[in-house]
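**Q** Questions regarding the structure given below will be posed in turn.
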Amino acid sequence: MMEQIYSGIDVAKDSFVVASNLAGKVTTSLYQNDKKGINSFLKSLTNHTWCIMEATGVYSLQLAIALYEKGIKVSVVNPLQIKRFAQTKLKRTKTDKVDAALIAEYGERMQPKLYQPPAPFMRKLQQQRMSLKLLIRSKRSFLNQLHALGQLENVDKAALKACKAVLTSIEKQIAGLERQMQQTAEEHCQELYTLLQTIPGISTKSAIELIVVSGGFRNFTSARQFSAFIGISPCINESGISIRGYRGISRIGDKNIRATLYMCSMAAKVHNKACRELYDRMVAAGKAKKVALVAVMNKLIKQVFGMVRSGEVYTANY
């Protein structure tokens, strides 16, 4: 039986470095991160190769899908996991070749789960979500600029007009993207999309956000796992009698979904019976309101996963 070959891939914008580990011997190769370079890399592989790469958004997506479709074992790993692995080995040198070799070693030792590409409609939603986040950040920047111009006594009319024109355009694009995302969700996952919105506190936008971040709830098996992924699970930093660090949430993960869920918790503590009872009980016990809201966020996630598993709509007295 042929020995498993572990290939670590360090992906960049224009190229990617591959370090293959076979019987303790590491060889490295450089390829262009385009269709021609990916095809060249695929031709060099055997069926006994296991490719491991970091999740670097659009730059790694095309390569990961190509490997999967060719039948090559591939794992896409959170970059933070690779960083922590490097720290355990006290790595001080950082180059593309060193990083690729480190990723290969991580794959061999940790045996990460195999990659499953998202459905085409999910990739569409992910791209739309990325563009939407960028537009929202731009809108915030121009709103700040508009406010700053408003503080001036002799504001330049041309500058003011240009700022307002860009804001109008951005708002139009945001509305269009949100409409497109809603149509995509209704077309491809109508049942799930409708089900989530039966939970008091979950809006149409937050339902789409949950579907996209969770990969249609295919990427997670439990509410606890999802909470840890988005960074709202408890984080305690204690050691001996001298270290009494901050006790709060980990904040590891996508801050946008945390912000969305926080706003959902504000509505849920009023309109969602179970969440309202939890919030009132914690506040009455002397807990800070923000702590109670984080608990409500976790409660909402439990309700979401419970409904996804059962396929039944929300029932207040369940």
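Chain identifiers are assigned as A, B, and so on, following the order in which chains appear in the structure tokens; residues are numbered from 1 within each chain, and ligands are numbered from 1 in order of appearance.
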Wanna dump the segment 184-239 of chain A-segment 287-307 of chain A contacts at 10 Å for me, each residue with its shortest atom pair and the distance in Å to one decimal, counting only C-alpha atoms, ordered by chain and number, as a Markdown table?
**A**
| residue | atom | partner | partner_atom | distance |
| --- | --- | --- | --- | --- |
| A:Leu192 | CA | A:Met307 | CA | 9.3 |
| A:Leu195 | CA | A:Met307 | CA | 7.5 |
| A:Leu196 | CA | A:Val304 | CA | 6.6 |
| A:Gln197 | CA | A:Val304 | CA | 9.6 |
| A:Thr198 | CA | A:Met307 | CA | 9.7 |
| A:Ile199 | CA | A:Val304 | CA | 7.7 |
| A:Pro200 | CA | A:Leu300 | CA | 9.2 |
| A:Gly201 | CA | A:Leu300 | CA | 8.2 |
| A:Ile202 | CA | A:Leu300 | CA | 8.5 |
| A:Ala207 | CA | A:Val304 | CA | 9.6 |
| A:Leu210 | CA | A:Val304 | CA | 9.2 |
| A:Phe217 | CA | A:Phe305 | CA | 8.2 |
| A:Phe220 | CA | A:Phe305 | CA | 9.5 |
| A:Thr221 | CA | A:Phe305 | CA | 8.6 |
| A:Ser222 | CA | A:Phe305 | CA | 6.8 |
| A:Ala223 | CA | A:Lys302 | CA | 5.3 |
| A:Arg224 | CA | A:Lys302 | CA | 7.9 |
| A:Phe226 | CA | A:Ile301 | CA | 8.0 |
| A:Ser227 | CA | A:Asn298 | CA | 6.8 |
| A:Ile232 | CA | A:Val294 | CA | 7.1 |
| A:Ser233 | CA | A:Asn298 | CA | 7.9 |
| A:Pro234 | CA | A:Val294 | CA | 9.5 |
**Q** Need to verify the contact set: Val213 of chain A, 10 Å, only C-alpha atoms, exclusion of same-chain residues closer than 4 positions in sequence. Can you return it as number ranges by chain?
**A** A: 122, 125-126, 129, 208-209, 217, 219, 226, 229-230, 254, 256-257
**Q** For each of A:Ile65, A:Thr46, A:Arg179, A:Ala104, take the minimum atom-to-atom distance to Val17 of chain A, counting only C-alpha atoms, then give the residue where this is smallest.
**A** A:Ala104
**Q** Just asking: which residues within segment 2-248 of chain A are helix (DSSP H, G or I) according to DSSP, as a ChimeraX atom specification?
**A** /A:35-43,58-70,79-88,96-110,120-150,157-188,190-196,204-213,223-230
